$ cat work.pdb   # PDB, C-alpha atoms and all ligand atoms
ATOM      1  CA  MET A   1     -18.649  47.608 -19.294
ATOM      2  CA  SER A   2     -22.333  48.102 -18.826
ATOM      3  CA  GLU A   3     -25.001  45.705 -19.998
ATOM      4  CA  ILE A   4     -24.659  44.400 -23.484
ATOM      5  CA  SER A   5     -27.053  44.803 -26.311
ATOM      6  CA  VAL A   6     -28.558  41.362 -26.749
ATOM      7  CA  ALA A   7     -32.233  41.829 -27.442
ATOM      8  CA  GLY A   8     -34.256  41.484 -24.283
ATOM      9  CA  ASP A   9     -31.365  42.106 -21.916
ATOM     10  CA  ALA A  10     -32.054  45.782 -21.505
ATOM     11  CA  SER A  11     -32.946  45.584 -17.843
ATOM     12  CA  GLY A  12     -29.531  44.269 -16.891
ATOM     13  CA  THR A  13     -30.989  42.266 -14.046
ATOM     14  CA  ALA A  14     -32.755  39.129 -15.187
ATOM     15  CA  ALA A  15     -31.166  37.278 -18.071
ATOM     16  CA  PRO A  16     -33.407  37.050 -21.133
ATOM     17  CA  ALA A  17     -35.112  33.787 -21.941
ATOM     18  CA  THR A  18     -32.740  33.298 -24.850
ATOM     19  CA  ALA A  19     -29.578  33.726 -22.754
ATOM     20  CA  LEU A  20     -27.436  30.609 -22.829
ATOM     21  CA  VAL A  21     -24.177  31.675 -21.234
ATOM     22  CA  VAL A  22     -24.247  34.408 -18.612
ATOM     23  CA  LEU A  23     -21.198  35.828 -16.836
ATOM     24  CA  ARG A  24     -21.852  38.352 -14.084
ATOM     25  CA  ARG A  25     -19.063  40.385 -12.496
ATOM     26  CA  VAL A  26     -16.573  37.613 -13.004
ATOM     27  CA  ASN A  27     -13.137  38.178 -11.489
ATOM     28  CA  LYS A  28     -10.077  36.012 -11.720
ATOM     29  CA  HIS A  29      -6.519  36.495 -10.481
ATOM     30  CA  PHE A  30      -3.314  34.673 -11.190
ATOM     31  CA  GLY A  31      -1.364  35.716  -8.105
ATOM     32  CA  ALA A  32      -1.083  39.484  -8.311
ATOM     33  CA  LEU A  33      -2.350  39.579 -11.888
ATOM     34  CA  HIS A  34      -6.020  40.535 -12.150
ATOM     35  CA  VAL A  35      -6.622  38.641 -15.368
ATOM     36  CA  LEU A  36     -10.437  38.977 -15.568
ATOM     37  CA  GLN A  37     -11.938  42.155 -14.171
ATOM     38  CA  ASP A  38     -15.674  42.435 -13.614
ATOM     39  CA  ILE A  39     -16.575  40.581 -16.790
ATOM     40  CA  ASP A  40     -20.268  40.889 -17.669
ATOM     41  CA  LEU A  41     -21.191  38.929 -20.758
ATOM     42  CA  THR A  42     -24.447  37.402 -21.916
ATOM     43  CA  ILE A  43     -24.426  35.108 -24.909
ATOM     44  CA  ALA A  44     -27.773  34.357 -26.476
ATOM     45  CA  ARG A  45     -28.761  31.025 -27.916
ATOM     46  CA  GLY A  46     -27.561  30.862 -31.491
ATOM     47  CA  GLU A  47     -25.337  33.883 -31.122
ATOM     48  CA  VAL A  48     -21.779  33.977 -32.511
ATOM     49  CA  VAL A  49     -19.491  36.143 -30.398
ATOM     50  CA  VAL A  50     -15.970  36.826 -31.617
ATOM     51  CA  VAL A  51     -13.512  37.853 -28.901
ATOM     52  CA  ILE A  52     -10.495  39.847 -29.978
ATOM     53  CA  GLY A  53      -7.787  41.775 -28.221
ATOM     54  CA  PRO A  54      -4.066  41.985 -27.627
ATOM     55  CA  SER A  55      -2.054  39.021 -26.427
ATOM     56  CA  GLY A  56      -2.325  38.643 -22.659
ATOM     57  CA  SER A  57      -5.669  40.450 -22.404
ATOM     58  CA  GLY A  58      -7.412  37.410 -20.891
ATOM     59  CA  LYS A  59      -9.209  35.907 -23.898
ATOM     60  CA  SER A  60      -8.065  32.340 -23.283
ATOM     61  CA  THR A  61      -8.720  32.617 -19.575
ATOM     62  CA  LEU A  62     -12.241  33.832 -20.334
ATOM     63  CA  CYS A  63     -12.889  30.763 -22.504
ATOM     64  CA  ARG A  64     -11.359  28.464 -19.943
ATOM     65  CA  THR A  65     -13.561  29.769 -17.138
ATOM     66  CA  ILE A  66     -16.695  29.052 -19.199
ATOM     67  CA  ASN A  67     -16.041  25.317 -19.147
ATOM     68  CA  ARG A  68     -14.360  25.495 -15.787
ATOM     69  CA  LEU A  69     -10.852  24.634 -16.864
ATOM     70  CA  GLU A  70     -10.159  27.629 -14.621
ATOM     71  CA  THR A  71     -11.969  28.524 -11.419
ATOM     72  CA  ILE A  72     -13.085  32.099 -10.776
ATOM     73  CA  ASP A  73     -12.531  34.181  -7.656
ATOM     74  CA  SER A  74     -15.864  35.979  -7.657
ATOM     75  CA  GLY A  75     -18.946  36.493  -9.767
ATOM     76  CA  THR A  76     -21.201  33.914 -11.376
ATOM     77  CA  ILE A  77     -21.288  31.920 -14.567
ATOM     78  CA  THR A  78     -24.420  30.096 -15.646
ATOM     79  CA  ILE A  79     -24.971  27.884 -18.672
ATOM     80  CA  ASP A  80     -28.582  27.432 -19.692
ATOM     81  CA  GLY A  81     -29.695  28.830 -16.348
ATOM     82  CA  ARG A  82     -27.527  26.559 -14.212
ATOM     83  CA  PRO A  83     -24.423  27.581 -12.292
ATOM     84  CA  LEU A  84     -21.213  25.797 -13.260
ATOM     85  CA  PRO A  85     -20.829  22.597 -11.247
ATOM     86  CA  GLN A  86     -17.762  22.250  -9.065
ATOM     87  CA  GLU A  87     -16.744  18.648  -9.592
ATOM     88  CA  GLY A  88     -17.579  15.060 -10.402
ATOM     89  CA  ARG A  89     -20.049  13.772 -12.937
ATOM     90  CA  GLU A  90     -21.833  17.100 -13.187
ATOM     91  CA  LEU A  91     -18.585  18.740 -14.217
ATOM     92  CA  ALA A  92     -17.935  16.116 -16.904
ATOM     93  CA  ARG A  93     -21.412  16.778 -18.269
ATOM     94  CA  LEU A  94     -20.805  20.515 -18.238
ATOM     95  CA  ARG A  95     -17.613  20.018 -20.216
ATOM     96  CA  ALA A  96     -19.581  17.984 -22.742
ATOM     97  CA  ASP A  97     -22.206  20.728 -22.982
ATOM     98  CA  VAL A  98     -19.488  23.287 -23.608
ATOM     99  CA  GLY A  99     -17.396  22.070 -26.530
ATOM    100  CA  MET A 100     -13.909  23.504 -26.700
ATOM    101  CA  VAL A 101     -11.494  23.643 -29.594
ATOM    102  CA  PHE A 102      -7.946  24.748 -28.813
ATOM    103  CA  GLN A 103      -5.162  26.196 -30.889
ATOM    104  CA  SER A 104      -3.158  22.999 -30.432
ATOM    105  CA  PHE A 105      -5.809  20.469 -31.558
ATOM    106  CA  ASN A 106      -5.396  18.347 -28.379
ATOM    107  CA  LEU A 107      -6.494  15.078 -29.974
ATOM    108  CA  PHE A 108      -5.670  11.817 -28.244
ATOM    109  CA  ALA A 109      -2.489  10.880 -30.133
ATOM    110  CA  HIS A 110      -2.683   7.158 -29.394
ATOM    111  CA  LYS A 111      -6.293   6.817 -30.538
ATOM    112  CA  THR A 112      -7.638   6.684 -34.070
ATOM    113  CA  VAL A 113      -9.636   9.547 -35.464
ATOM    114  CA  LEU A 114     -12.782   7.471 -35.056
ATOM    115  CA  ASP A 115     -11.972   6.653 -31.426
ATOM    116  CA  ASN A 116     -11.273  10.314 -30.739
ATOM    117  CA  VAL A 117     -14.835  11.085 -31.775
ATOM    118  CA  THR A 118     -16.539   8.119 -30.065
ATOM    119  CA  LEU A 119     -14.750   8.146 -26.707
ATOM    120  CA  GLY A 120     -16.645  10.990 -25.035
ATOM    121  CA  GLN A 121     -19.963   9.812 -26.433
ATOM    122  CA  ILE A 122     -19.448   6.407 -24.827
ATOM    123  CA  LYS A 123     -17.887   7.545 -21.546
ATOM    124  CA  VAL A 124     -19.806  10.725 -20.788
ATOM    125  CA  ARG A 125     -23.001  10.445 -22.822
ATOM    126  CA  LYS A 126     -23.264   6.672 -22.268
ATOM    127  CA  ALA A 127     -23.931   6.007 -25.949
ATOM    128  CA  ASP A 128     -23.473   2.451 -27.186
ATOM    129  CA  ARG A 129     -20.515   1.865 -29.460
ATOM    130  CA  ARG A 130     -22.455   1.281 -32.633
ATOM    131  CA  ALA A 131     -24.494   4.467 -32.265
ATOM    132  CA  ALA A 132     -21.368   6.406 -31.314
ATOM    133  CA  GLU A 133     -19.516   5.180 -34.392
ATOM    134  CA  GLN A 134     -22.420   5.964 -36.660
ATOM    135  CA  LYS A 135     -22.580   9.480 -35.328
ATOM    136  CA  ALA A 136     -18.791   9.852 -35.528
ATOM    137  CA  HIS A 137     -18.752   8.843 -39.190
ATOM    138  CA  ALA A 138     -21.526  11.305 -39.976
ATOM    139  CA  LEU A 139     -19.706  14.127 -38.187
ATOM    140  CA  LEU A 140     -16.363  13.302 -39.780
ATOM    141  CA  ASP A 141     -18.066  13.378 -43.181
ATOM    142  CA  ARG A 142     -19.640  16.682 -42.313
ATOM    143  CA  VAL A 143     -16.272  18.302 -41.539
ATOM    144  CA  GLY A 144     -14.718  16.712 -44.618
ATOM    145  CA  VAL A 145     -12.447  14.091 -43.058
ATOM    146  CA  GLY A 146     -14.622  10.992 -43.423
ATOM    147  CA  ALA A 147     -11.849   9.156 -45.246
ATOM    148  CA  GLN A 148      -9.434   9.588 -42.337
ATOM    149  CA  ALA A 149     -11.435   7.718 -39.691
ATOM    150  CA  ALA A 150      -9.011   4.815 -39.251
ATOM    151  CA  LYS A 151      -5.879   6.968 -39.122
ATOM    152  CA  TYR A 152      -4.041   8.378 -36.125
ATOM    153  CA  PRO A 153      -3.859  12.142 -35.587
ATOM    154  CA  ALA A 154      -0.164  12.372 -36.521
ATOM    155  CA  GLN A 155      -1.017  11.033 -39.980
ATOM    156  CA  LEU A 156      -3.298  14.015 -40.639
ATOM    157  CA  SER A 157      -2.535  17.597 -41.618
ATOM    158  CA  GLY A 158      -3.080  20.317 -39.045
ATOM    159  CA  GLY A 159      -6.252  21.433 -40.791
ATOM    160  CA  GLN A 160      -7.604  17.902 -40.788
ATOM    161  CA  GLN A 161      -6.715  17.432 -37.118
ATOM    162  CA  GLN A 162      -8.506  20.617 -36.194
ATOM    163  CA  ARG A 163     -11.598  19.511 -38.089
ATOM    164  CA  VAL A 164     -11.492  16.213 -36.184
ATOM    165  CA  ALA A 165     -11.281  18.218 -32.962
ATOM    166  CA  ILE A 166     -14.411  20.100 -34.004
ATOM    167  CA  ALA A 167     -16.196  16.829 -34.831
ATOM    168  CA  ARG A 168     -15.155  15.417 -31.463
ATOM    169  CA  ALA A 169     -16.668  18.380 -29.645
ATOM    170  CA  LEU A 170     -19.846  18.251 -31.757
ATOM    171  CA  ALA A 171     -20.278  14.565 -30.981
ATOM    172  CA  MET A 172     -21.275  15.554 -27.461
ATOM    173  CA  ASP A 173     -24.176  17.672 -28.723
ATOM    174  CA  PRO A 174     -22.782  20.756 -27.016
ATOM    175  CA  LYS A 175     -24.985  23.699 -26.171
ATOM    176  CA  VAL A 176     -22.173  26.093 -26.952
ATOM    177  CA  MET A 177     -18.838  25.788 -28.717
ATOM    178  CA  LEU A 178     -15.747  27.700 -27.594
ATOM    179  CA  PHE A 179     -12.916  28.170 -30.061
ATOM    180  CA  ASP A 180      -9.617  29.536 -28.768
ATOM    181  CA  GLU A 181      -7.554  30.661 -31.751
ATOM    182  CA  PRO A 182      -8.422  27.499 -33.665
ATOM    183  CA  THR A 183      -6.458  28.489 -36.765
ATOM    184  CA  SER A 184      -3.422  30.150 -35.193
ATOM    185  CA  ALA A 185      -1.244  27.040 -35.321
ATOM    186  CA  LEU A 186      -2.190  26.149 -38.896
ATOM    187  CA  ASP A 187      -0.245  26.634 -42.094
ATOM    188  CA  PRO A 188      -1.927  29.406 -44.084
ATOM    189  CA  GLU A 189      -3.366  27.116 -46.747
ATOM    190  CA  MET A 190      -5.272  25.168 -44.092
ATOM    191  CA  ILE A 191      -6.898  28.083 -42.322
ATOM    192  CA  ASN A 192      -9.857  28.390 -44.662
ATOM    193  CA  GLU A 193     -10.899  24.763 -44.497
ATOM    194  CA  VAL A 194     -11.307  25.156 -40.729
ATOM    195  CA  LEU A 195     -12.981  28.556 -40.940
ATOM    196  CA  GLU A 196     -15.453  27.163 -43.471
ATOM    197  CA  VAL A 197     -16.510  24.434 -41.052
ATOM    198  CA  MET A 198     -16.978  27.109 -38.383
ATOM    199  CA  GLN A 199     -18.947  29.311 -40.778
ATOM    200  CA  GLN A 200     -21.214  26.395 -41.536
ATOM    201  CA  LEU A 201     -21.772  25.743 -37.824
ATOM    202  CA  ALA A 202     -22.614  29.393 -37.317
ATOM    203  CA  ARG A 203     -25.130  29.289 -40.159
ATOM    204  CA  GLU A 204     -26.736  26.223 -38.625
ATOM    205  CA  GLY A 205     -27.381  28.183 -35.460
ATOM    206  CA  MET A 206     -24.690  26.887 -33.115
ATOM    207  CA  THR A 207     -23.956  29.191 -30.190
ATOM    208  CA  MET A 208     -20.270  30.044 -30.494
ATOM    209  CA  VAL A 209     -17.580  31.995 -28.701
ATOM    210  CA  VAL A 210     -14.589  32.399 -30.977
ATOM    211  CA  VAL A 211     -11.238  33.915 -30.037
ATOM    212  CA  THR A 212      -9.535  34.660 -33.332
ATOM    213  CA  HIS A 213      -7.362  37.053 -35.262
ATOM    214  CA  GLU A 214      -9.248  36.191 -38.451
ATOM    215  CA  MET A 215     -11.076  39.446 -38.996
ATOM    216  CA  GLY A 216     -12.711  38.182 -42.185
ATOM    217  CA  PHE A 217     -14.397  35.498 -40.110
ATOM    218  CA  ALA A 218     -15.406  38.057 -37.503
ATOM    219  CA  ARG A 219     -16.979  40.276 -40.150
ATOM    220  CA  SER A 220     -18.905  37.537 -41.869
ATOM    221  CA  ALA A 221     -19.878  35.189 -39.035
ATOM    222  CA  ALA A 222     -20.051  37.216 -35.827
ATOM    223  CA  ASN A 223     -23.211  38.723 -34.434
ATOM    224  CA  ARG A 224     -21.054  40.628 -32.001
ATOM    225  CA  VAL A 225     -17.408  41.477 -31.498
ATOM    226  CA  VAL A 226     -16.128  41.699 -27.932
ATOM    227  CA  PHE A 227     -12.859  43.582 -27.597
ATOM    228  CA  MET A 228     -10.781  42.808 -24.499
ATOM    229  CA  ALA A 229      -7.750  44.581 -23.099
ATOM    230  CA  ASP A 230      -6.049  44.148 -19.722
ATOM    231  CA  GLY A 231      -8.655  41.733 -18.424
ATOM    232  CA  ARG A 232     -11.640  43.906 -19.233
ATOM    233  CA  ILE A 233     -14.270  44.035 -21.926
ATOM    234  CA  VAL A 234     -13.439  47.452 -23.297
ATOM    235  CA  GLU A 235     -15.900  47.577 -26.143
ATOM    236  CA  GLU A 236     -18.482  45.401 -27.848
ATOM    237  CA  ALA A 237     -20.486  45.980 -30.957
ATOM    238  CA  ARG A 238     -21.776  44.501 -34.156
ATOM    239  CA  PRO A 239     -18.814  43.735 -36.405
ATOM    240  CA  ASP A 240     -19.713  46.294 -39.083
ATOM    241  CA  ARG A 241     -19.857  49.044 -36.484
ATOM    242  CA  PHE A 242     -16.812  47.842 -34.589
ATOM    243  CA  PHE A 243     -14.543  47.623 -37.601
ATOM    244  CA  SER A 244     -15.730  50.822 -39.269
ATOM    245  CA  ASN A 245     -15.971  52.916 -36.139
ATOM    246  CA  PRO A 246     -14.165  51.566 -33.059
ATOM    247  CA  ARG A 247     -14.864  53.864 -30.126
ATOM    248  CA  SER A 248     -12.091  53.215 -27.642
ATOM    249  CA  ASP A 249      -8.489  54.224 -28.176
ATOM    250  CA  ARG A 250      -7.423  50.691 -27.254
ATOM    251  CA  ALA A 251      -9.546  49.189 -30.010
ATOM    252  CA  LYS A 252      -8.429  51.798 -32.541
ATOM    253  CA  ASP A 253      -4.815  51.096 -31.693
ATOM    254  CA  PHE A 254      -5.332  47.327 -31.891
ATOM    255  CA  LEU A 255      -7.111  47.495 -35.236
ATOM    256  CA  SER A 256      -4.503  49.809 -36.709
ATOM    257  CA  LYS A 257      -1.906  47.107 -36.015
ATOM    258  CA  ILE A 258      -3.732  44.131 -37.398
ATOM    259  CA  LEU A 259      -5.794  45.410 -40.324
TER     260      LEU A 259
HETATM  261  P1  LIG B   1      -4.835  35.923 -24.115
HETATM  262  O1  LIG B   1      -5.473  34.629 -24.453
HETATM  263  O2  LIG B   1      -5.687  37.114 -24.351
HETATM  264  O3  LIG B   1      -3.501  36.081 -24.787
HETATM  265  P2  LIG B   1      -4.531  34.759 -21.488
HETATM  266  O4  LIG B   1      -5.891  34.574 -20.938
HETATM  267  O5  LIG B   1      -3.842  33.544 -22.027
HETATM  268  O6  LIG B   1      -4.524  35.935 -22.552
HETATM  269  O7  LIG B   1      -3.582  35.332 -20.376
HETATM  270  C1  LIG B   1      -3.865  36.538 -19.688
HETATM  271  C2  LIG B   1      -2.770  36.799 -18.704
HETATM  272  O8  LIG B   1      -2.781  35.799 -17.708
HETATM  273  C3  LIG B   1      -1.372  36.791 -19.317
HETATM  274  O9  LIG B   1      -0.609  37.786 -18.685
HETATM  275  C4  LIG B   1      -0.875  35.415 -18.970
HETATM  276  O10 LIG B   1       0.532  35.401 -18.879
HETATM  277  C5  LIG B   1      -1.518  35.150 -17.636
HETATM  278  N1  LIG B   1      -1.771  33.731 -17.389
HETATM  279  C6  LIG B   1      -2.513  32.909 -18.167
HETATM  280  N2  LIG B   1      -2.583  31.682 -17.638
HETATM  281  C7  LIG B   1      -1.871  31.723 -16.481
HETATM  282  C8  LIG B   1      -1.573  30.764 -15.445
HETATM  283  N3  LIG B   1      -2.046  29.525 -15.502
HETATM  284  N4  LIG B   1      -0.806  31.184 -14.418
HETATM  285  C9  LIG B   1      -0.350  32.459 -14.339
HETATM  286  N5  LIG B   1      -0.605  33.397 -15.271
HETATM  287  C10 LIG B   1      -1.361  33.046 -16.322
HETATM  288 MG    MG B   2      -4.943  33.115 -25.743
END
$ encode --input "work.pdb" --output "structure tokens"
Amino acid sequence: MSEISVAGDASGTAAPATALVVLRRVNKHFGALHVLQDIDLTIARGEVVVVIGPSGSGKSTLCRTINRLETIDSGTITIDGRPLPQEGRELARLRADVGMVFQSFNLFAHKTVLDNVTLGQIKVRKADRRAAEQKAHALLDRVGVGAQAAKYPAQLSGGQQQRVAIARALAMDPKVMLFDEPTSALDPEMINEVLEVMQQLAREGMTMVVVTHEMGFARSAANRVVFMADGRIVEEARPDRFFSNPRSDRAKDFLSKIL
């Protein structure tokens, strides 16, 4: 795919001043499988990018490379102008800057909701406990689970757990939030309560990369839809254009199956 259409990125060489996450010719293999192929993607500050595509197309791997849960074989990834660190304290800080919310919640099961949201603040951001707890309570209120602070994750519904996971990521003051199918493991009646929190974040200007099959969310919250297939970005466009007039056969085929 050629350069994308973020304002100011027309040259295709220097990233625009507003670029927050920049991937250039990123390649990744799992053995013989070429899972990411020459991925070029620039995400502007405050932009909401929804990534869609068939199962196995590399969406999760793409997210995981951005906070270095996966290494890449070639290409570059920069966050806020800095290349991804390789290890150590710098890597922990990078992970805090890049909040990630997974399909499977991934809360610490043996810690209370409150502790889940204070732990990273104290360990990585070096906040003192009182400040961390104050912030945690405010964030838990904001995502609508303030009353659950003393409970353990297993005592919460899936929708509540996922909102705690979002609060935990936000507690680190991330520069960008990655969501990898955050509602796919939820019972249907809980999907909206999570999507609403994400909508709110988007409205507040959070930079977000969201892998989802929730096309309603994509239409209403995304600035851009990125369609992946077989490890490549096949097509990207504003959601209204993408959904009304997909250009590639792969995207047409995909949309015909899910809409
Ligand atoms: P998506 O999220 O779009 O469904 P993934 O990024 O999870 O796709 O996976 C892309 C491809 O890479 C799939 O074929 C998957 O089986 C493979 N894959 C993912 N993770 C690994 C891994 N750790 N080792 C080997 N293959 C993997
Ligand atoms: Mg996936």
$ atom_distance --input "work.pdb" --atom1 "atom N1 of ligand LIG 1 (chain B)" --atom2 "atom CA of Val225 of chain A"
22.4 Å
$ residues_around --input "work.pdb" --residues "segment 244-253 of chain A" --least-positions-apart "2" --cutoff "10 Å" --atoms "only C-alpha atoms" --output "PyMOL selection string"
chain A and resi 52-54+227-229+234-237+239-242+255-258
$ residues_around --input "work.pdb" --residues "Leu178 of chain A" --least-positions-apart "3" --cutoff "8 Å" --atoms "all atoms listed in the file" --output "number ranges by chain"
A: 63, 98-101, 208-210
$ write_last_selection --input "work.pdb" --atoms "C-alpha atoms" --output "mmCIF file, in the coordinates of the input"
data_model
loop_
_atom_site.group_PDB
_atom_site.id
_atom_site.type_symbol
_atom_site.label_atom_id
_atom_site.label_comp_id
_atom_site.auth_asym_id
_atom_site.auth_seq_id
_atom_site.Cartn_x
_atom_site.Cartn_y
_atom_site.Cartn_z
ATOM 1 C CA CYS A 63 -12.889 30.763 -22.504
ATOM 2 C CA VAL A 98 -19.488 23.287 -23.608
ATOM 3 C CA GLY A 99 -17.396 22.070 -26.530
ATOM 4 C CA MET A 100 -13.909 23.504 -26.700
ATOM 5 C CA VAL A 101 -11.494 23.643 -29.594
ATOM 6 C CA MET A 208 -20.270 30.044 -30.494
ATOM 7 C CA VAL A 209 -17.580 31.995 -28.701
ATOM 8 C CA VAL A 210 -14.589 32.399 -30.977
#
$ residues_near_ligand --input "work.pdb" --ligand "ligand MG 2 (chain B)" --cutoff "12 Å" --atoms "all atoms listed in the file" --output "PDB file with C-alpha atoms, in the frame of the given file"
ATOM      1  CA  VAL A  35      -6.622  38.641 -15.368  1.00  0.00           C
ATOM      2  CA  VAL A  51     -13.512  37.853 -28.901  1.00  0.00           C
ATOM      3  CA  ILE A  52     -10.495  39.847 -29.978  1.00  0.00           C
ATOM      4  CA  GLY A  53      -7.787  41.775 -28.221  1.00  0.00           C
ATOM      5  CA  PRO A  54      -4.066  41.985 -27.627  1.00  0.00           C
ATOM      6  CA  SER A  55      -2.054  39.021 -26.427  1.00  0.00           C
ATOM      7  CA  GLY A  56      -2.325  38.643 -22.659  1.00  0.00           C
ATOM      8  CA  SER A  57      -5.669  40.450 -22.404  1.00  0.00           C
ATOM      9  CA  GLY A  58      -7.412  37.410 -20.891  1.00  0.00           C
ATOM     10  CA  LYS A  59      -9.209  35.907 -23.898  1.00  0.00           C
ATOM     11  CA  SER A  60      -8.065  32.340 -23.283  1.00  0.00           C
ATOM     12  CA  THR A  61      -8.720  32.617 -19.575  1.00  0.00           C
ATOM     13  CA  LEU A  62     -12.241  33.832 -20.334  1.00  0.00           C
ATOM     14  CA  CYS A  63     -12.889  30.763 -22.504  1.00  0.00           C
ATOM     15  CA  ARG A  64     -11.359  28.464 -19.943  1.00  0.00           C
ATOM     16  CA  PHE A 102      -7.946  24.748 -28.813  1.00  0.00           C
ATOM     17  CA  GLN A 103      -5.162  26.196 -30.889  1.00  0.00           C
ATOM     18  CA  SER A 104      -3.158  22.999 -30.432  1.00  0.00           C
ATOM     19  CA  PHE A 179     -12.916  28.170 -30.061  1.00  0.00           C
ATOM     20  CA  ASP A 180      -9.617  29.536 -28.768  1.00  0.00           C
ATOM     21  CA  GLU A 181      -7.554  30.661 -31.751  1.00  0.00           C
ATOM     22  CA  PRO A 182      -8.422  27.499 -33.665  1.00  0.00           C
ATOM     23  CA  SER A 184      -3.422  30.150 -35.193  1.00  0.00           C
ATOM     24  CA  ALA A 185      -1.244  27.040 -35.321  1.00  0.00           C
ATOM     25  CA  VAL A 210     -14.589  32.399 -30.977  1.00  0.00           C
ATOM     26  CA  VAL A 211     -11.238  33.915 -30.037  1.00  0.00           C
ATOM     27  CA  THR A 212      -9.535  34.660 -33.332  1.00  0.00           C
ATOM     28  CA  HIS A 213      -7.362  37.053 -35.262  1.00  0.00           C
ATOM     29  CA  MET A 228     -10.781  42.808 -24.499  1.00  0.00           C
ATOM     30  CA  GLY A 231      -8.655  41.733 -18.424  1.00  0.00           C
TER      31      GLY A 231
END
$ axis_aligned_box --input "work.pdb" --around "ligand LIG 1 (chain B)" --padding-each-side "4 Å" --output "lines of an AutoDock Vina configuration file"
center_x = -2.7
center_y = 33.7
center_z = -19.6
size_x = 14.4
size_y = 16.3
size_z = 18.4
$ build_atoms --input "work.pdb" --residues "segment 224-237 of chain A" --atoms "N, CA, C and O atoms" --output "PDB file, in the coordinates of the input"
ATOM      1  N   ARG A 224     -21.585  39.618 -32.914  1.00  0.00           N
ATOM      2  CA  ARG A 224     -21.054  40.628 -32.001  1.00  0.00           C
ATOM      3  C   ARG A 224     -19.558  40.422 -31.851  1.00  0.00           C
ATOM      4  O   ARG A 224     -19.103  39.276 -31.790  1.00  0.00           O
ATOM      5  N   VAL A 225     -18.838  41.512 -31.795  1.00  0.00           N
ATOM      6  CA  VAL A 225     -17.408  41.477 -31.498  1.00  0.00           C
ATOM      7  C   VAL A 225     -17.221  42.014 -30.086  1.00  0.00           C
ATOM      8  O   VAL A 225     -17.770  43.056 -29.728  1.00  0.00           O
ATOM      9  N   VAL A 226     -16.480  41.258 -29.282  1.00  0.00           N
ATOM     10  CA  VAL A 226     -16.128  41.699 -27.932  1.00  0.00           C
ATOM     11  C   VAL A 226     -14.629  41.981 -27.943  1.00  0.00           C
ATOM     12  O   VAL A 226     -13.833  41.103 -28.272  1.00  0.00           O
ATOM     13  N   PHE A 227     -14.273  43.201 -27.611  1.00  0.00           N
ATOM     14  CA  PHE A 227     -12.859  43.582 -27.597  1.00  0.00           C
ATOM     15  C   PHE A 227     -12.371  43.641 -26.152  1.00  0.00           C
ATOM     16  O   PHE A 227     -12.934  44.362 -25.328  1.00  0.00           O
ATOM     17  N   MET A 228     -11.341  42.849 -25.856  1.00  0.00           N
ATOM     18  CA  MET A 228     -10.781  42.808 -24.499  1.00  0.00           C
ATOM     19  C   MET A 228      -9.407  43.456 -24.468  1.00  0.00           C
ATOM     20  O   MET A 228      -8.628  43.342 -25.417  1.00  0.00           O
ATOM     21  N   ALA A 229      -9.104  44.097 -23.355  1.00  0.00           N
ATOM     22  CA  ALA A 229      -7.750  44.581 -23.099  1.00  0.00           C
ATOM     23  C   ALA A 229      -7.557  44.598 -21.589  1.00  0.00           C
ATOM     24  O   ALA A 229      -8.471  44.972 -20.852  1.00  0.00           O
ATOM     25  N   ASP A 230      -6.396  44.140 -21.147  1.00  0.00           N
ATOM     26  CA  ASP A 230      -6.049  44.148 -19.722  1.00  0.00           C
ATOM     27  C   ASP A 230      -7.138  43.553 -18.836  1.00  0.00           C
ATOM     28  O   ASP A 230      -7.463  44.101 -17.773  1.00  0.00           O
ATOM     29  N   GLY A 231      -7.710  42.444 -19.275  1.00  0.00           N
ATOM     30  CA  GLY A 231      -8.655  41.733 -18.424  1.00  0.00           C
ATOM     31  C   GLY A 231     -10.059  42.304 -18.389  1.00  0.00           C
ATOM     32  O   GLY A 231     -10.896  41.838 -17.628  1.00  0.00           O
ATOM     33  N   ARG A 232     -10.304  43.309 -19.219  1.00  0.00           N
ATOM     34  CA  ARG A 232     -11.640  43.906 -19.233  1.00  0.00           C
ATOM     35  C   ARG A 232     -12.251  43.830 -20.626  1.00  0.00           C
ATOM     36  O   ARG A 232     -11.536  43.830 -21.617  1.00  0.00           O
ATOM     37  N   ILE A 233     -13.579  43.818 -20.655  1.00  0.00           N
ATOM     38  CA  ILE A 233     -14.270  44.035 -21.926  1.00  0.00           C
ATOM     39  C   ILE A 233     -14.336  45.542 -22.119  1.00  0.00           C
ATOM     40  O   ILE A 233     -15.002  46.252 -21.367  1.00  0.00           O
ATOM     41  N   VAL A 234     -13.571  46.012 -23.096  1.00  0.00           N
ATOM     42  CA  VAL A 234     -13.439  47.452 -23.297  1.00  0.00           C
ATOM     43  C   VAL A 234     -14.538  47.972 -24.207  1.00  0.00           C
ATOM     44  O   VAL A 234     -14.995  49.102 -24.079  1.00  0.00           O
ATOM     45  N   GLU A 235     -14.943  47.120 -25.139  1.00  0.00           N
ATOM     46  CA  GLU A 235     -15.900  47.577 -26.143  1.00  0.00           C
ATOM     47  C   GLU A 235     -16.568  46.357 -26.757  1.00  0.00           C
ATOM     48  O   GLU A 235     -15.943  45.320 -26.911  1.00  0.00           O
ATOM     49  N   GLU A 236     -17.840  46.470 -27.084  1.00  0.00           N
ATOM     50  CA  GLU A 236     -18.482  45.401 -27.848  1.00  0.00           C
ATOM     51  C   GLU A 236     -19.513  46.007 -28.776  1.00  0.00           C
ATOM     52  O   GLU A 236     -20.153  47.001 -28.443  1.00  0.00           O
ATOM     53  N   ALA A 237     -19.627  45.398 -29.931  1.00  0.00           N
ATOM     54  CA  ALA A 237     -20.486  45.980 -30.957  1.00  0.00           C
ATOM     55  C   ALA A 237     -20.693  44.980 -32.076  1.00  0.00           C
ATOM     56  O   ALA A 237     -19.984  43.980 -32.167  1.00  0.00           O
TER      57      ALA A 237
END
